[in-house]
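data.txt (compact mmCIF, C-alpha atoms) appears below.
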```
# COMPACT_ATOMS: atom_id res chain seq x y z
CA MET V 13 6.25 -6.23 1.97
CA ASP V 14 6.04 -3.46 -0.62
CA LYS V 15 3.16 -3.83 -2.99
CA GLY V 16 5.40 -3.03 -5.92
CA HIS V 17 2.63 -1.14 -7.68
CA HIS V 18 -0.31 0.92 -6.57
CA HIS V 19 -3.44 -0.85 -7.72
CA HIS V 20 -3.76 -4.60 -7.99
CA ASP V 21 -6.10 -5.67 -10.77
CA PRO V 22 -6.45 -9.47 -10.56
CA GLY V 23 -7.55 -9.80 -14.21
CA GLU V 24 -4.64 -7.75 -15.50
CA PHE V 25 -2.29 -9.64 -13.19
CA THR V 26 -3.40 -12.99 -14.63
CA ARG V 27 -3.11 -11.76 -18.23
CA ARG V 28 0.40 -10.50 -17.47
CA MET V 29 1.42 -13.91 -16.12
CA GLN V 30 0.00 -15.61 -19.21
CA THR V 31 1.69 -13.20 -21.63
CA CYS V 32 5.01 -13.79 -19.88
CA GLY V 33 4.65 -17.57 -20.11
CA ILE V 34 4.13 -18.49 -16.46
CA PRO V 35 2.96 -22.14 -16.41
CA PRO V 36 -0.61 -22.72 -15.13
CA ARG V 37 0.32 -24.36 -11.82
CA LEU V 38 2.71 -21.53 -11.00
CA GLN V 39 0.06 -18.96 -11.96
CA GLU V 40 -2.31 -20.57 -9.49
CA ASN V 41 0.33 -20.58 -6.77
CA MET V 42 1.13 -16.91 -7.39
CA ILE V 43 -2.55 -16.02 -7.07
CA ARG V 44 -2.93 -18.02 -3.85
CA CYS V 45 0.24 -16.46 -2.37
CA THR V 46 -0.90 -12.95 -3.38
CA GLU V 47 -4.28 -13.45 -1.71
CA PHE V 48 -2.71 -14.76 1.48
CA HIS V 49 -0.13 -11.97 1.58
CA THR V 50 -2.84 -9.41 0.60
CA ALA V 51 -0.64 -7.96 -2.18
CA PRO V 52 1.34 -9.16 -5.23
CA ALA V 53 4.62 -8.08 -3.60
CA PRO V 54 7.66 -8.74 -5.82
CA GLY V 55 9.12 -10.90 -3.06
CA VAL V 56 6.01 -13.05 -3.07
CA LEU V 57 6.17 -13.59 -6.84
CA ILE V 58 9.87 -14.46 -6.70
CA GLY V 59 9.15 -16.65 -3.68
CA ALA V 60 6.50 -18.63 -5.55
CA ILE V 61 9.07 -19.33 -8.30
CA MET V 62 11.66 -20.32 -5.67
CA VAL V 63 9.38 -22.77 -3.82
CA ASP V 64 8.24 -24.31 -7.11
CA TYR V 65 11.90 -24.80 -8.11
CA ALA V 66 12.91 -26.18 -4.68
CA LEU V 67 10.10 -28.77 -4.74
CA GLU V 68 11.10 -29.86 -8.23
CA LEU V 69 14.77 -30.25 -7.23
CA LEU V 70 13.70 -32.22 -4.16
CA GLU V 71 11.28 -34.26 -6.32
CA ALA V 72 8.69 -33.52 -3.67
CA THR V 73 4.99 -32.68 -3.85
CA PRO V 74 3.16 -30.19 -1.59
CA GLU V 75 1.20 -33.14 -0.17
CA GLU V 76 4.34 -34.46 1.55
CA LYS V 77 5.38 -33.36 5.05
CA LEU V 78 8.00 -30.73 4.28
CA PHE V 79 10.17 -28.59 6.52
CA ALA V 80 11.55 -25.23 5.46
CA VAL V 81 13.98 -22.56 6.54
CA CYS V 82 13.58 -19.04 5.23
CA GLU V 83 16.57 -16.68 5.51
CA THR V 84 14.45 -13.52 5.56
CA PRO V 85 11.17 -12.59 7.27
CA LYS V 86 10.15 -10.51 4.23
CA CYS V 87 7.53 -11.96 1.86
CA LEU V 88 9.21 -15.34 1.24
CA PRO V 89 7.83 -17.08 4.35
CA ASP V 90 4.31 -16.69 2.96
CA THR V 91 5.15 -18.64 -0.20
CA LEU V 92 6.55 -21.55 1.84
CA GLN V 93 3.42 -21.48 3.98
CA VAL V 94 0.92 -21.39 1.13
CA ILE V 95 2.65 -23.72 -1.34
CA ALA V 96 4.68 -26.16 0.80
CA HIS V 97 2.38 -26.12 3.87
CA SER V 98 5.37 -25.41 6.12
CA THR V 99 3.67 -22.88 8.38
CA THR V 100 4.63 -20.74 11.35
CA GLY V 101 1.99 -22.47 13.48
CA ASN V 102 2.59 -26.09 12.45
CA GLY V 103 6.25 -25.93 13.40
CA ARG V 104 7.61 -26.76 9.97
CA LEU V 105 8.84 -23.25 9.10
CA THR V 106 11.88 -21.58 10.62
CA VAL V 107 12.54 -17.93 9.79
CA LEU V 108 16.13 -16.79 10.36
CA PRO V 109 17.02 -13.06 10.30
CA ILE V 110 19.98 -13.48 7.95
CA GLY V 111 18.62 -11.10 5.33
CA LYS V 112 19.12 -13.30 2.26
CA PHE V 113 16.46 -14.20 -0.28
CA ALA V 114 17.09 -17.89 0.26
CA ILE V 115 15.08 -20.93 1.33
CA THR V 116 15.93 -24.48 2.29
CA VAL V 117 13.37 -27.27 1.99
CA ASN V 118 13.66 -30.85 3.23
CA ARG V 119 11.41 -33.84 3.87
CA ALA V 120 10.45 -35.12 7.33
CA THR V 121 12.81 -37.84 8.56
CA ASP V 122 13.50 -39.87 11.71
CA GLU V 123 17.24 -39.26 11.29
CA SER V 124 19.08 -36.47 13.14
CA SER V 125 19.74 -34.61 9.90
CA ALA V 126 18.13 -34.40 6.48
CA GLU V 127 19.28 -33.76 2.95
CA GLY V 128 17.58 -30.73 1.50
CA VAL V 129 17.73 -28.16 -1.24
CA ARG V 130 18.71 -24.52 -0.82
CA VAL V 131 17.43 -22.11 -3.49
CA TYR V 132 18.55 -18.47 -3.51
CA VAL V 133 18.39 -15.29 -5.54
CA ASP V 134 21.81 -15.07 -7.19
CA GLY V 135 23.21 -11.53 -7.21
CA GLU V 136 25.36 -12.26 -10.28
CA LYS V 137 22.39 -13.46 -12.29
CA LEU V 138 20.38 -10.35 -11.38
CA LYS V 139 22.70 -8.23 -13.54
CA LYS V 140 20.77 -9.38 -16.61
CA PHE V 141 17.54 -8.03 -15.08
CA PRO V 142 18.00 -4.31 -14.36
CA VAL V 143 14.63 -3.58 -12.72
CA ILE V 144 14.77 -6.60 -10.40
CA ASP V 145 18.38 -5.68 -9.62
CA MET V 146 17.39 -2.12 -8.64
CA TRP V 147 14.46 -3.28 -6.52
CA TYR V 148 16.51 -6.03 -4.87
CA ALA V 149 19.30 -3.60 -3.90
CA ASN V 150 16.70 -1.20 -2.44
CA SER V 151 18.08 1.42 -4.82
CA PRO V 152 16.58 4.93 -4.53
CA GLN V 153 16.29 4.78 -8.35
CA TYR V 154 13.62 2.12 -8.05
CA GLN V 155 10.22 3.88 -7.95
CA LYS V 156 7.50 1.43 -7.09
CA HIS V 157 4.60 3.59 -8.28
CA THR V 158 5.93 3.96 -11.80
CA MET V 159 8.07 0.81 -12.14
CA GLY V 160 5.91 -1.79 -10.41
CA THR V 161 4.48 -3.23 -13.61
CA SER V 162 7.91 -3.45 -15.31
CA LEU V 163 9.25 -5.18 -12.23
CA GLN V 164 6.42 -7.70 -12.28
CA GLU V 165 6.96 -8.41 -15.97
CA GLU V 166 10.70 -8.82 -15.49
CA ILE V 167 10.10 -11.29 -12.65
CA PHE V 168 7.60 -13.25 -14.78
CA ARG V 169 10.00 -13.34 -17.75
CA ALA V 170 13.07 -14.17 -15.68
CA LYS V 171 11.45 -17.07 -13.81
CA ARG V 172 14.27 -19.33 -12.51
CA GLU V 173 16.98 -17.41 -14.40
CA ILE V 174 17.70 -15.30 -11.32
CA LEU V 175 18.06 -18.32 -9.03
CA SER V 176 20.80 -20.74 -8.05
CA SER V 177 20.59 -23.87 -5.91
CA GLU V 178 22.70 -26.25 -3.86
CA ARG V 179 22.24 -29.56 -2.06
CA VAL V 180 22.60 -29.15 1.70
CA ARG V 181 22.31 -31.13 4.92
CA VAL V 182 20.29 -29.60 7.76
CA PRO V 183 19.94 -30.71 11.39
CA VAL V 184 16.56 -32.11 12.49
CA THR V 185 15.19 -31.08 15.87
CA GLY V 186 12.46 -33.04 17.61
CA LYS V 187 9.47 -31.75 19.52
CA GLN V 188 10.35 -30.22 22.85
CA LYS V 189 8.92 -32.05 25.89
CA TRP V 190 7.34 -29.75 28.48
CA LYS V 191 5.42 -29.44 31.72
CA PRO V 192 3.28 -26.49 32.73
CA VAL V 193 4.68 -24.09 35.33
CA THR V 194 2.63 -21.37 37.04
CA CYS V 195 4.31 -17.98 36.84
CA PRO V 196 4.55 -16.62 40.45
CA SER V 197 4.09 -13.10 39.12
CA CYS V 198 1.00 -13.27 36.87
CA GLY V 199 -0.36 -16.65 38.00
CA GLU V 200 -0.65 -17.90 34.42
CA SER V 201 0.64 -21.22 33.14
CA VAL V 202 3.56 -21.48 30.70
CA PRO V 203 5.78 -24.34 29.48
CA ASP V 204 8.76 -24.92 31.81
CA TYR V 205 11.34 -24.41 29.04
CA LEU V 206 10.15 -20.82 28.53
CA VAL V 207 10.62 -19.75 32.17
CA VAL V 208 13.16 -16.89 32.51
CA ASN V 209 14.58 -16.04 35.96
CA GLY V 210 11.77 -17.95 37.67
CA LYS V 211 9.01 -16.05 35.87
CA CYS V 212 7.21 -16.24 32.54
CA ALA V 213 8.88 -14.34 29.71
CA ALA V 214 6.23 -11.60 29.78
CA CYS V 215 6.78 -10.91 33.50
CA SER V 216 10.58 -11.28 33.49
CA SER V 217 11.19 -8.89 30.62
CA LYS V 218 9.03 -5.92 29.69
CA THR V 219 5.75 -7.09 28.27
CA TYR V 220 4.71 -5.72 24.88
CA TYR V 221 1.41 -4.17 25.98
CA GLU V 222 -0.04 -1.81 28.56
CA LYS V 223 -3.45 -2.62 30.04
CA LEU V 224 -6.18 -0.05 29.51
CA ARG V 225 -9.06 0.75 31.89
CA MET L 24 0.86 -29.07 16.35
CA ASP L 25 -0.78 -32.26 17.60
CA LYS L 26 -3.55 -33.46 15.39
CA GLY L 27 -5.71 -34.26 18.39
CA HIS L 28 -7.10 -37.35 16.71
CA HIS L 29 -5.76 -39.87 14.26
CA HIS L 30 -7.84 -39.57 11.12
CA HIS L 31 -9.36 -36.35 9.88
CA ASP L 32 -12.64 -36.88 8.06
CA PRO L 33 -13.73 -33.49 6.66
CA GLY L 34 -17.40 -34.52 6.41
CA GLU L 35 -17.52 -35.77 9.98
CA PHE L 36 -15.63 -32.68 11.13
CA THR L 37 -18.23 -30.37 9.55
CA ARG L 38 -21.15 -32.34 10.99
CA ARG L 39 -19.53 -32.16 14.44
CA MET L 40 -19.23 -28.37 14.17
CA GLN L 41 -22.87 -28.12 13.11
CA THR L 42 -24.11 -30.39 15.90
CA CYS L 43 -22.19 -28.31 18.43
CA GLY L 44 -23.70 -25.07 17.14
CA ILE L 45 -20.64 -23.44 15.56
CA PRO L 46 -21.96 -20.48 13.49
CA PRO L 47 -21.48 -20.80 9.69
CA ARG L 48 -18.78 -18.10 9.35
CA LEU L 49 -16.74 -19.67 12.14
CA GLN L 50 -17.19 -23.13 10.56
CA GLU L 51 -15.75 -21.80 7.34
CA ASN L 52 -12.82 -20.19 9.18
CA MET L 53 -12.09 -23.42 11.04
CA ILE L 54 -12.04 -25.36 7.77
CA ARG L 55 -9.72 -22.80 6.11
CA CYS L 56 -7.38 -22.79 9.14
CA THR L 57 -7.35 -26.61 9.25
CA GLU L 58 -6.44 -26.83 5.56
CA PHE L 59 -3.65 -24.26 5.93
CA HIS L 60 -2.28 -25.94 9.06
CA THR L 61 -2.74 -29.41 7.43
CA ALA L 62 -4.55 -30.74 10.54
CA PRO L 63 -7.51 -29.83 12.78
CA ALA L 64 -5.17 -29.29 15.75
CA PRO L 65 -7.04 -28.32 18.94
CA GLY L 66 -4.95 -25.13 19.10
CA VAL L 67 -6.09 -24.19 15.61
CA LEU L 68 -9.77 -24.66 16.49
CA ILE L 69 -9.40 -22.63 19.71
CA GLY L 70 -7.39 -20.06 17.76
CA ALA L 71 -10.15 -19.64 15.17
CA ILE L 72 -12.58 -18.90 18.03
CA MET L 73 -10.06 -16.45 19.56
CA VAL L 74 -9.46 -14.48 16.36
CA ASP L 75 -13.21 -14.33 15.65
CA TYR L 76 -13.78 -12.96 19.18
CA ALA L 77 -10.88 -10.47 18.94
CA LEU L 78 -12.17 -9.04 15.65
CA GLU L 79 -15.66 -8.66 17.13
CA LEU L 80 -14.32 -6.85 20.20
CA LEU L 81 -12.24 -4.59 17.95
CA GLU L 82 -15.27 -4.10 15.67
CA ALA L 83 -12.91 -4.92 12.80
CA THR L 84 -13.35 -6.94 9.62
CA PRO L 85 -10.69 -9.19 8.04
CA GLU L 86 -10.59 -6.75 5.09
CA GLU L 87 -8.97 -4.08 7.27
CA LYS L 88 -5.20 -3.81 7.70
CA LEU L 89 -4.68 -5.55 11.03
CA PHE L 90 -1.59 -6.19 13.10
CA ALA L 91 -1.30 -9.07 15.54
CA VAL L 92 0.93 -10.42 18.26
CA CYS L 93 0.80 -14.10 19.14
CA GLU L 94 2.26 -15.19 22.48
CA THR L 95 3.03 -18.72 21.32
CA PRO L 96 4.46 -20.18 18.11
CA LYS L 97 2.15 -23.21 18.43
CA CYS L 98 -0.92 -23.39 16.17
CA LEU L 99 -2.36 -19.93 16.97
CA PRO L 100 -0.21 -17.97 14.48
CA ASP L 101 -1.88 -19.85 11.63
CA THR L 102 -5.35 -18.64 12.64
CA LEU L 103 -4.20 -15.00 12.69
CA GLN L 104 -2.61 -15.52 9.29
CA VAL L 105 -5.61 -17.17 7.65
CA ILE L 106 -8.43 -15.14 9.22
CA ALA L 107 -6.92 -11.71 9.96
CA HIS L 108 -4.37 -11.67 7.09
CA SER L 109 -1.61 -10.74 9.55
CA THR L 110 1.08 -12.99 8.11
CA THR L 111 4.69 -13.83 8.87
CA GLY L 112 5.74 -12.54 5.44
CA ASN L 113 3.69 -9.35 5.29
CA GLY L 114 5.15 -8.06 8.53
CA ARG L 115 1.86 -7.77 10.37
CA LEU L 116 2.37 -10.78 12.66
CA THR L 117 4.77 -10.89 15.60
CA VAL L 118 5.27 -14.22 17.37
CA LEU L 119 6.68 -13.94 20.90
CA PRO L 120 7.97 -17.05 22.72
CA ILE L 121 6.06 -16.32 25.95
CA GLY L 122 4.20 -19.62 25.93
CA LYS L 123 0.69 -18.29 26.55
CA PHE L 124 -2.36 -19.02 24.41
CA ALA L 125 -2.97 -15.31 23.89
CA ILE L 126 -3.25 -12.93 20.96
CA THR L 127 -3.38 -9.17 20.58
CA VAL L 128 -4.93 -7.55 17.52
CA ASN L 129 -4.89 -3.87 16.53
CA ARG L 130 -5.59 -1.73 13.50
CA ALA L 131 -2.92 0.04 11.44
CA THR L 132 -2.31 3.60 12.62
CA ASP L 133 0.08 6.51 11.99
CA GLU L 134 0.44 7.05 15.75
CA SER L 135 3.32 5.63 17.77
CA SER L 136 0.99 3.28 19.65
CA ALA L 137 -2.37 1.65 19.01
CA GLU L 138 -5.30 0.50 21.08
CA GLY L 139 -5.91 -3.18 20.64
CA VAL L 140 -7.63 -6.19 22.12
CA ARG L 141 -5.91 -9.07 23.91
CA VAL L 142 -7.80 -12.37 23.98
CA TYR L 143 -6.47 -15.31 25.99
CA VAL L 144 -7.36 -18.79 27.17
CA ASP L 145 -8.34 -18.31 30.80
CA GLY L 146 -7.01 -21.07 33.06
CA GLU L 147 -9.80 -20.54 35.60
CA LYS L 148 -12.50 -20.95 32.97
CA LEU L 149 -10.92 -24.18 31.71
CA LYS L 150 -11.91 -25.93 34.96
CA LYS L 151 -15.44 -26.34 33.57
CA PHE L 152 -14.03 -28.21 30.54
CA PRO L 153 -12.08 -31.25 31.78
CA VAL L 154 -10.80 -32.56 28.45
CA ILE L 155 -9.60 -29.15 27.22
CA ASP L 156 -8.05 -28.60 30.67
CA MET L 157 -6.13 -31.89 30.46
CA TRP L 158 -4.94 -31.24 26.91
CA TYR L 159 -3.99 -27.63 27.70
CA ALA L 160 -1.90 -28.68 30.73
CA ASN L 161 -0.13 -31.30 28.60
CA SER L 162 -1.31 -33.87 31.14
CA PRO L 163 -0.10 -37.47 30.60
CA GLN L 164 -3.77 -38.46 31.18
CA TYR L 165 -4.73 -36.82 27.90
CA GLN L 166 -4.57 -39.49 25.18
CA LYS L 167 -4.95 -37.94 21.78
CA HIS L 168 -5.76 -41.15 19.94
CA THR L 169 -8.77 -41.98 22.11
CA MET L 170 -9.79 -38.52 23.36
CA GLY L 171 -9.31 -36.40 20.23
CA THR L 172 -12.97 -36.41 19.27
CA SER L 173 -14.15 -35.55 22.82
CA LEU L 174 -11.64 -32.71 22.89
CA GLN L 175 -12.91 -31.37 19.57
CA GLU L 176 -16.51 -31.52 20.78
CA GLU L 177 -15.66 -29.82 24.05
CA ILE L 178 -13.88 -27.02 22.15
CA PHE L 179 -16.87 -26.62 19.80
CA ARG L 180 -19.35 -26.55 22.73
CA ALA L 181 -17.23 -24.24 24.88
CA LYS L 182 -16.67 -21.63 22.16
CA ARG L 183 -15.79 -18.32 23.90
CA GLU L 184 -16.53 -19.68 27.38
CA ILE L 185 -12.84 -20.55 27.88
CA LEU L 186 -11.65 -17.08 26.87
CA SER L 187 -11.12 -13.72 28.58
CA SER L 188 -10.17 -10.40 27.03
CA GLU L 189 -8.73 -7.01 27.88
CA ARG L 190 -8.19 -3.67 26.15
CA VAL L 191 -4.50 -2.92 25.70
CA ARG L 192 -2.16 -0.36 24.16
CA VAL L 193 0.70 -1.65 22.00
CA PRO L 194 3.69 0.21 20.50
CA VAL L 195 3.77 0.67 16.73
CA THR L 196 7.05 0.18 14.93
CA GLY L 197 7.65 1.54 11.43
CA LYS L 198 9.43 -0.11 8.54
CA GLN L 199 13.17 -0.32 8.97
CA LYS L 200 15.21 1.70 6.43
CA TRP L 201 18.15 -0.22 4.97
CA LYS L 202 21.02 -0.27 2.48
CA PRO L 203 22.62 -3.39 1.03
CA VAL L 204 26.02 -4.42 2.36
CA THR L 205 28.21 -7.09 0.77
CA CYS L 206 29.38 -9.67 3.29
CA PRO L 207 33.21 -9.88 3.02
CA SER L 208 33.07 -13.58 3.85
CA CYS L 209 30.46 -15.02 1.43
CA GLY L 210 30.22 -12.09 -0.97
CA GLU L 211 26.42 -12.01 -0.76
CA SER L 212 24.33 -8.91 -0.14
CA VAL L 213 22.39 -8.38 3.10
CA PRO L 214 20.64 -5.37 4.71
CA ASP L 215 23.05 -3.25 6.79
CA TYR L 216 21.01 -3.62 10.00
CA LEU L 217 21.53 -7.40 9.96
CA VAL L 218 25.34 -7.25 9.82
CA VAL L 219 26.95 -8.94 12.87
CA ASN L 220 30.65 -8.33 13.61
CA GLY L 221 31.22 -7.05 10.07
CA LYS L 222 29.77 -10.17 8.42
CA CYS L 223 26.34 -11.45 7.47
CA ALA L 224 24.54 -13.39 10.21
CA ALA L 225 25.12 -16.71 8.43
CA CYS L 226 28.90 -16.17 8.26
CA SER L 227 29.33 -14.61 11.72
CA SER L 228 27.48 -17.33 13.63
CA LYS L 229 27.27 -20.97 12.64
CA THR L 230 25.12 -21.38 9.58
CA TYR L 231 22.23 -23.84 9.75
CA TYR L 232 23.29 -26.03 6.84
CA GLU L 233 26.26 -27.94 5.49
CA LYS L 234 26.92 -27.94 1.74
CA LEU L 235 26.87 -31.30 0.02
CA ARG L 236 28.94 -32.39 -2.99
```

Translate the structure described by the file into structure tokens.
Amino acid sequence: MDKGHHHHDPGEFTRRMQTCGIPPRLQENMIRCTEFHTAPAPGVLIGAIMVDYALELLEATPEEKLFAVCETPKCLPDTLQVIAHSTTGNGRLTVLPIGKFAITVNRATDESSAEGVRVYVDGEKLKKFPVIDMWYANSPQYQKHTMGTSLQEEIFRAKREILSSERVRVPVTGKQKWKPVTCPSCGESVPDYLVVNGKCAACSSKTYYEKLR
Amino acid sequence: MDKGHHHHDPGEFTRRMQTCGIPPRLQENMIRCTEFHTAPAPGVLIGAIMVDYALELLEATPEEKLFAVCETPKCLPDTLQVIAHSTTGNGRLTVLPIGKFAITVNRATDESSAEGVRVYVDGEKLKKFPVIDMWYANSPQYQKHTMGTSLQEEIFRAKREILSSERVRVPVTGKQKWKPVTCPSCGESVPDYLVVNGKCAACSSKTYYEKLR
């Protein structure tokens, strides 16, 4: 979520990617992810490298119907959304609050489980990249305003060298069937499987907003 | 998530929007949301109208730093992500499993709460739009393969006529401070606030994948 440096200059950003040998397709993905995320956050740049690697290991293209799990809500989900088209709203992205910089990608299947690829930032491999290591550990020594550019360059130069991968099997869950139920408290309609104690979730627990006027 | 009709023809889709009097900016947003979502799902088209309306009520532009809550994980989150730049990965989108087609949008603030706008699909107003009403209620009478085009046209013609809005106040939560903790089970690093029973969330509960080979 951190911008990693103060001012984002798209021209300078592109030249930095080129100087550091980022291949053209990955450059384009990094630019698209940065625009979507509204900042070239380090996690977004690493994420773009991770998704690119995961698709290659899976021998998949972004045009295929892909499902993804993201083990952190920070930055990474946006790269799966932009590059692999597994989005929060199309039901093909699951975000788990595990707190690891790790993703799993698999193809759609009619089976009850699917073979997929898990790609993660490998703590051991980070030791060769001191600025990424400091940023990743949330070290107080990492100063984003002065070290943002070094961090970006180190990420661009490292590419997949900070990543490891494994083949995994993940369960496949189908679409949930539902019927509408009218909440007796607010009178609005919600799917039956979201009813809590006979009411909609907003009425049964504290709602997140207060009405004005 | 449903496509609403079988084959998506972008040219026909654009002509349909024009015929039904969708303003140019909203047409562009619907096309961008459809591409991101990978289908012109009815919920995405309604969502694009909702976000457009919410920003107008808030007198906000997509260039501002906006926060959003979405009361369903289906379709709508993608319209907030694409149009308002409140994304899953940049921390400005909260998806709540309430099951209502409703969104709340507010500006960034240093205060502990913010005034925002809640826009929702109004069940009463749907009665004037029989195909949307059928689709929205998940009625078995709605047949997406034969009624998808009628549904799309009804959504385009209805525009904001199916929506209601209210001014609301929402709590503002700051960024969570954290330190890395090494999980004694897998040896990987996770933020301290995600530790469960002394282990990382993946090791303390059942993990979502099985390693292969």

Starting from chain L, keep only residues with some atom at most 6 Å from an atom of chain V, counting all atoms listed in the file, and report them as a short mmCIF file (atom, residue, chain, number, x, y, z; two decimals) with C-alpha atoms, keeping the file's coordinate frame.
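Dumped everything to out_20.cif:
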```cif
data_model
loop_
_atom_site.label_atom_id
_atom_site.label_comp_id
_atom_site.auth_asym_id
_atom_site.auth_seq_id
_atom_site.Cartn_x
_atom_site.Cartn_y
_atom_site.Cartn_z
CA MET L 24 0.86 -29.07 16.35
CA HIS L 60 -2.28 -25.94 9.06
CA PRO L 96 4.46 -20.18 18.11
CA LYS L 97 2.15 -23.21 18.43
CA CYS L 98 -0.92 -23.39 16.17
CA PRO L 100 -0.21 -17.97 14.48
CA ASP L 101 -1.88 -19.85 11.63
CA GLY L 112 5.74 -12.54 5.44
CA ASN L 113 3.69 -9.35 5.29
CA ILE L 121 6.06 -16.32 25.95
CA GLY L 122 4.20 -19.62 25.93
CA LYS L 123 0.69 -18.29 26.55
CA ALA L 160 -1.90 -28.68 30.73
CA ARG L 190 -8.19 -3.67 26.15
CA VAL L 191 -4.50 -2.92 25.70
CA ARG L 192 -2.16 -0.36 24.16
CA VAL L 193 0.70 -1.65 22.00
CA PRO L 203 22.62 -3.39 1.03
CA VAL L 213 22.39 -8.38 3.10
CA ALA L 224 24.54 -13.39 10.21
CA TYR L 232 23.29 -26.03 6.84
CA GLU L 233 26.26 -27.94 5.49
CA LYS L 234 26.92 -27.94 1.74
CA LEU L 235 26.87 -31.30 0.02
#
```

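The nearest approach to Ala83 of chain L among the residues L:Arg130, L:Asn52, L:Glu184, L:Pro47, with all atoms listed in the file taken into account, belongs to L:Arg130.
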
- [ ] Pick out the residues sitting within 10 Å of Glu51 of chain L, and hand them over as a PyMOL selection string; count all atoms listed in the file, and ignore anything fewer than 6 positions along from it in its own chain.
- [x] chain L and resi 37+45+57+71

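Across the structure, atom CA of Leu49 of chain L and atom CA of Asp156 of chain L are spaced 22.3 Å apart.
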
TODO: Please indicate the distance in Å from atom CA of Thr132 of chain L to atom CA of Ile72 of chain L, rounded to one decimal place.
DONE: 25.3 Å

Task: Distance in Å - atom CA of Glu134 of chain L versus atom CA of Thr196 of chain L - done: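 Going from atom CA of Glu134 of chain L over to atom CA of Thr196 of chain L, I get 9.6 Å.
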
Open item on the list: Counting all atoms listed in the file, I want the residues whose atoms come within 10 Å of (8.5, -5.6, -13.6) in the file frame, returned as a ChimeraX atom specification.
Closed with: /V:16-17,54,141-144,147,156,159-170
